[in-house]
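File shown here: protein-v1.cif, holding mmCIF, N, CA and C atoms.
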```cif
data_run
#
loop_
_atom_site.group_PDB
_atom_site.id
_atom_site.type_symbol
_atom_site.label_atom_id
_atom_site.label_comp_id
_atom_site.auth_asym_id
_atom_site.auth_seq_id
_atom_site.Cartn_x
_atom_site.Cartn_y
_atom_site.Cartn_z
ATOM 1 N N MET A 1 -6.339 -14.122 7.947
ATOM 2 C CA MET A 1 -7.630 -13.667 8.431
ATOM 3 C C MET A 1 -7.529 -12.214 8.863
ATOM 4 N N LEU A 2 -8.433 -11.414 8.392
ATOM 5 C CA LEU A 2 -8.454 -9.993 8.719
ATOM 6 C C LEU A 2 -9.202 -9.799 10.031
ATOM 7 N N ARG A 3 -8.532 -9.192 10.985
ATOM 8 C CA ARG A 3 -9.151 -8.863 12.265
ATOM 9 C C ARG A 3 -9.266 -7.358 12.322
ATOM 10 N N TYR A 4 -10.395 -6.871 12.732
ATOM 11 C CA TYR A 4 -10.528 -5.428 12.795
ATOM 12 C C TYR A 4 -11.341 -4.983 13.989
ATOM 13 N N ASN A 5 -10.975 -3.847 14.481
ATOM 14 C CA ASN A 5 -11.681 -3.166 15.554
ATOM 15 C C ASN A 5 -11.600 -1.699 15.187
ATOM 16 N N ILE A 6 -12.667 -1.159 14.659
ATOM 17 C CA ILE A 6 -12.618 0.200 14.140
ATOM 18 C C ILE A 6 -13.157 1.178 15.166
ATOM 19 N N ASP A 7 -12.361 2.179 15.460
ATOM 20 C CA ASP A 7 -12.760 3.281 16.327
ATOM 21 C C ASP A 7 -12.809 4.518 15.437
ATOM 22 N N VAL A 8 -13.996 5.026 15.197
ATOM 23 C CA VAL A 8 -14.158 6.156 14.284
ATOM 24 C C VAL A 8 -14.346 7.433 15.095
ATOM 25 N N LYS A 9 -13.515 8.430 14.802
ATOM 26 C CA LYS A 9 -13.600 9.722 15.467
ATOM 27 C C LYS A 9 -13.819 10.802 14.426
ATOM 28 N N LYS A 10 -14.861 11.591 14.597
ATOM 29 C CA LYS A 10 -15.177 12.647 13.645
ATOM 30 C C LYS A 10 -14.363 13.892 13.959
ATOM 31 N N GLN A 11 -13.784 14.487 12.920
ATOM 32 C CA GLN A 11 -13.011 15.716 13.063
ATOM 33 C C GLN A 11 -13.557 16.732 12.061
ATOM 34 N N GLU A 12 -13.852 17.914 12.530
ATOM 35 C CA GLU A 12 -14.378 18.941 11.644
ATOM 36 C C GLU A 12 -13.412 20.109 11.571
ATOM 37 N N THR A 13 -13.193 20.585 10.347
ATOM 38 C CA THR A 13 -12.394 21.779 10.112
ATOM 39 C C THR A 13 -13.232 22.729 9.273
ATOM 40 N N LYS A 14 -12.711 23.887 8.997
ATOM 41 C CA LYS A 14 -13.430 24.845 8.172
ATOM 42 C C LYS A 14 -13.615 24.319 6.747
ATOM 43 N N GLU A 15 -12.633 23.545 6.253
ATOM 44 C CA GLU A 15 -12.674 23.071 4.875
ATOM 45 C C GLU A 15 -13.567 21.848 4.692
ATOM 46 N N ARG A 16 -13.526 20.917 5.653
ATOM 47 C CA ARG A 16 -14.266 19.669 5.475
ATOM 48 C C ARG A 16 -14.439 18.934 6.792
ATOM 49 N N SER A 17 -15.288 17.937 6.751
ATOM 50 C CA SER A 17 -15.520 17.080 7.901
ATOM 51 C C SER A 17 -14.877 15.720 7.592
ATOM 52 N N THR A 18 -14.075 15.206 8.482
ATOM 53 C CA THR A 18 -13.408 13.923 8.256
ATOM 54 C C THR A 18 -13.630 13.016 9.454
ATOM 55 N N LYS A 19 -13.347 11.738 9.263
ATOM 56 C CA LYS A 19 -13.398 10.777 10.346
ATOM 57 C C LYS A 19 -12.065 10.042 10.394
ATOM 58 N N LYS A 20 -11.568 9.854 11.589
ATOM 59 C CA LYS A 20 -10.308 9.155 11.798
ATOM 60 C C LYS A 20 -10.621 7.707 12.174
ATOM 61 N N TRP A 21 -10.034 6.764 11.428
ATOM 62 C CA TRP A 21 -10.244 5.349 11.694
ATOM 63 C C TRP A 21 -8.996 4.774 12.347
ATOM 64 N N ILE A 22 -9.191 4.008 13.379
ATOM 65 C CA ILE A 22 -8.106 3.267 14.008
ATOM 66 C C ILE A 22 -8.531 1.801 13.988
ATOM 67 N N PHE A 23 -7.737 0.957 13.334
ATOM 68 C CA PHE A 23 -8.126 -0.451 13.239
ATOM 69 C C PHE A 23 -6.905 -1.355 13.204
ATOM 70 N N GLU A 24 -7.153 -2.634 13.433
ATOM 71 C CA GLU A 24 -6.102 -3.644 13.389
ATOM 72 C C GLU A 24 -6.318 -4.497 12.150
ATOM 73 N N MET A 25 -5.208 -4.925 11.531
ATOM 74 C CA MET A 25 -5.323 -5.842 10.408
ATOM 75 C C MET A 25 -4.212 -6.882 10.500
ATOM 76 N N ASP A 26 -4.427 -7.975 9.831
ATOM 77 C CA ASP A 26 -3.465 -9.063 9.798
ATOM 78 C C ASP A 26 -2.113 -8.545 9.299
ATOM 79 N N GLU A 27 -1.028 -8.985 9.922
ATOM 80 C CA GLU A 27 0.311 -8.490 9.576
ATOM 81 C C GLU A 27 0.687 -8.778 8.130
ATOM 82 N N GLN A 28 0.327 -9.961 7.632
ATOM 83 C CA GLN A 28 0.682 -10.307 6.257
ATOM 84 C C GLN A 28 -0.077 -9.437 5.259
ATOM 85 N N LEU A 29 -1.349 -9.170 5.527
ATOM 86 C CA LEU A 29 -2.132 -8.291 4.661
ATOM 87 C C LEU A 29 -1.551 -6.882 4.662
ATOM 88 N N ASP A 30 -1.157 -6.396 5.833
ATOM 89 C CA ASP A 30 -0.533 -5.076 5.939
ATOM 90 C C ASP A 30 0.758 -5.021 5.131
ATOM 91 N N GLU A 31 1.585 -6.035 5.274
ATOM 92 C CA GLU A 31 2.857 -6.066 4.538
ATOM 93 C C GLU A 31 2.626 -6.107 3.028
ATOM 94 N N ASP A 32 1.677 -6.935 2.591
ATOM 95 C CA ASP A 32 1.370 -7.030 1.157
ATOM 96 C C ASP A 32 0.847 -5.702 0.617
ATOM 97 N N PHE A 33 -0.024 -5.051 1.385
ATOM 98 C CA PHE A 33 -0.592 -3.771 0.960
ATOM 99 C C PHE A 33 0.490 -2.707 0.855
ATOM 100 N N ARG A 34 1.347 -2.623 1.865
ATOM 101 C CA ARG A 34 2.437 -1.640 1.852
ATOM 102 C C ARG A 34 3.407 -1.887 0.702
ATOM 103 N N ASN A 35 3.726 -3.156 0.430
ATOM 104 C CA ASN A 35 4.622 -3.482 -0.683
ATOM 105 C C ASN A 35 4.002 -3.097 -2.023
ATOM 106 N N ALA A 36 2.697 -3.341 -2.176
ATOM 107 C CA ALA A 36 2.015 -2.976 -3.421
ATOM 108 C C ALA A 36 2.019 -1.458 -3.607
ATOM 109 N N ILE A 37 1.773 -0.725 -2.541
ATOM 110 C CA ILE A 37 1.786 0.746 -2.610
ATOM 111 C C ILE A 37 3.180 1.245 -2.974
ATOM 112 N N ALA A 38 4.205 0.685 -2.331
ATOM 113 C CA ALA A 38 5.579 1.113 -2.591
ATOM 114 C C ALA A 38 5.959 0.884 -4.056
ATOM 115 N N LYS A 39 5.528 -0.234 -4.627
ATOM 116 C CA LYS A 39 5.843 -0.533 -6.027
ATOM 117 C C LYS A 39 5.111 0.400 -6.980
ATOM 118 N N LYS A 40 3.851 0.712 -6.677
ATOM 119 C CA LYS A 40 3.040 1.519 -7.593
ATOM 120 C C LYS A 40 3.244 3.017 -7.428
ATOM 121 N N LYS A 41 3.392 3.477 -6.177
ATOM 122 C CA LYS A 41 3.398 4.917 -5.923
ATOM 123 C C LYS A 41 4.640 5.424 -5.200
ATOM 124 N N GLY A 42 5.469 4.529 -4.720
ATOM 125 C CA GLY A 42 6.641 4.947 -3.962
ATOM 126 C C GLY A 42 6.312 5.150 -2.491
ATOM 127 N N LEU A 43 7.325 5.524 -1.747
ATOM 128 C CA LEU A 43 7.161 5.725 -0.306
ATOM 129 C C LEU A 43 7.160 7.219 0.005
ATOM 130 N N HIS A 44 6.012 7.816 -0.119
ATOM 131 C CA HIS A 44 5.876 9.246 0.146
ATOM 132 C C HIS A 44 4.883 9.462 1.274
ATOM 133 N N ARG A 45 4.989 10.581 1.922
ATOM 134 C CA ARG A 45 4.086 10.909 3.017
ATOM 135 C C ARG A 45 2.630 10.962 2.515
ATOM 136 N N GLY A 46 1.741 10.295 3.214
ATOM 137 C CA GLY A 46 0.324 10.326 2.897
ATOM 138 C C GLY A 46 -0.133 9.330 1.849
ATOM 139 N N VAL A 47 0.789 8.566 1.262
ATOM 140 C CA VAL A 47 0.417 7.664 0.174
ATOM 141 C C VAL A 47 -0.424 6.483 0.680
ATOM 142 N N ILE A 48 -0.199 6.029 1.891
ATOM 143 C CA ILE A 48 -1.004 4.923 2.426
ATOM 144 C C ILE A 48 -2.443 5.389 2.642
ATOM 145 N N LYS A 49 -2.608 6.554 3.216
ATOM 146 C CA LYS A 49 -3.947 7.110 3.436
ATOM 147 C C LYS A 49 -4.694 7.272 2.113
ATOM 148 N N LYS A 50 -4.025 7.847 1.119
ATOM 149 C CA LYS A 50 -4.656 8.039 -0.191
ATOM 150 C C LYS A 50 -5.003 6.699 -0.832
ATOM 151 N N SER A 51 -4.128 5.718 -0.693
ATOM 152 C CA SER A 51 -4.374 4.402 -1.280
ATOM 153 C C SER A 51 -5.552 3.706 -0.606
ATOM 154 N N LEU A 52 -5.668 3.841 0.704
ATOM 155 C CA LEU A 52 -6.817 3.272 1.408
ATOM 156 C C LEU A 52 -8.116 3.937 0.954
ATOM 157 N N GLN A 53 -8.093 5.256 0.803
ATOM 158 C CA GLN A 53 -9.279 5.963 0.333
ATOM 159 C C GLN A 53 -9.661 5.509 -1.075
ATOM 160 N N GLU A 54 -8.667 5.351 -1.954
ATOM 161 C CA GLU A 54 -8.927 4.880 -3.310
ATOM 162 C C GLU A 54 -9.505 3.469 -3.301
ATOM 163 N N ALA A 55 -8.969 2.605 -2.452
ATOM 164 C CA ALA A 55 -9.456 1.228 -2.364
ATOM 165 C C ALA A 55 -10.910 1.191 -1.896
ATOM 166 N N ILE A 56 -11.249 2.019 -0.924
ATOM 167 C CA ILE A 56 -12.632 2.080 -0.434
ATOM 168 C C ILE A 56 -13.555 2.612 -1.521
ATOM 169 N N GLU A 57 -13.144 3.675 -2.208
ATOM 170 C CA GLU A 57 -13.957 4.240 -3.290
ATOM 171 C C GLU A 57 -14.151 3.228 -4.417
ATOM 172 N N ASP A 58 -13.095 2.499 -4.787
ATOM 173 C CA ASP A 58 -13.198 1.488 -5.835
ATOM 174 C C ASP A 58 -14.145 0.372 -5.409
ATOM 175 N N TRP A 59 -14.082 -0.028 -4.157
ATOM 176 C CA TRP A 59 -14.942 -1.092 -3.656
ATOM 177 C C TRP A 59 -16.409 -0.657 -3.695
ATOM 178 N N ILE A 60 -16.673 0.584 -3.340
ATOM 179 C CA ILE A 60 -18.043 1.103 -3.363
ATOM 180 C C ILE A 60 -18.579 1.145 -4.790
ATOM 181 N N LYS A 61 -17.751 1.537 -5.749
ATOM 182 C CA LYS A 61 -18.169 1.645 -7.151
ATOM 183 C C LYS A 61 -18.335 0.300 -7.833
ATOM 184 N N LYS A 62 -17.663 -0.728 -7.329
ATOM 185 C CA LYS A 62 -17.658 -2.038 -7.972
ATOM 186 C C LYS A 62 -19.056 -2.675 -7.911
ATOM 187 N N PRO A 63 -19.606 -3.046 -9.072
ATOM 188 C CA PRO A 63 -20.930 -3.678 -9.070
ATOM 189 C C PRO A 63 -20.847 -5.127 -8.576
ATOM 190 N N ASN A 64 -21.951 -5.634 -8.096
ATOM 191 C CA ASN A 64 -22.087 -7.047 -7.687
ATOM 192 C C ASN A 64 -21.133 -7.440 -6.574
ATOM 193 N N ARG A 65 -20.870 -6.554 -5.649
ATOM 194 C CA ARG A 65 -20.029 -6.926 -4.517
ATOM 195 C C ARG A 65 -20.912 -7.548 -3.436
ATOM 196 N N GLU A 66 -20.304 -8.382 -2.618
ATOM 197 C CA GLU A 66 -21.067 -9.028 -1.541
ATOM 198 C C GLU A 66 -20.596 -8.553 -0.210
#
```
What do you get writing this file as structure tokens?
Amino acid sequence: MLRYNIDVKKQETKERSTKKWIFEMDEQLDEDFRNAIAKKKGLHRGVIKKSLQEAIEDWIKKPNRE
């Protein structure tokens, strides 16, 4: 079961405006996600953040989502 408590903080720079998310997720889901990222992209700095952004973008683009 995914548990979440999102605290969104807006950060603005000269280049762009971003929001920082702080949330909790189920330990098994976190482990599975990290393992999938490590297999596909390796363990590099920033890869989890990029993968989360890609997952959100893919979810938004996906038709017929509930």
One decimal, Å: what's the distance from atom C of Pro63 in chain A over to atom C of Glu27 in chain A, could you say?
-> 27.5 Å
Could you pull out the residues in range 27-66 of chain A that DSSP calls helix (DSSP H, G or I) from the backbone, as number ranges by chain?
-> A: 27-41, 47-61
Between atom C of Arg34 in chain A and atom C of Glu57 in chain A, measure the distance and give it in Å to one decimal.
->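 Straight-line distance from atom C of Arg34 in chain A to atom C of Glu57 in chain A works out to 19.0 Å.
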Please measure the separation of atom N of Asn35 in chain A and atom C of Arg16 in chain A, giving the value in Å to one decimal.
->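 Spanning atom N of Asn35 in chain A to atom C of Arg16 in chain A is a straight-line distance of 29.3 Å.
Distances to Lys49 in chain A were evaluated for A:Phe33, A:Gln28, A:Lys61, A:Ser17 using only C-alpha atoms, and the minimum falls at A:Phe33.
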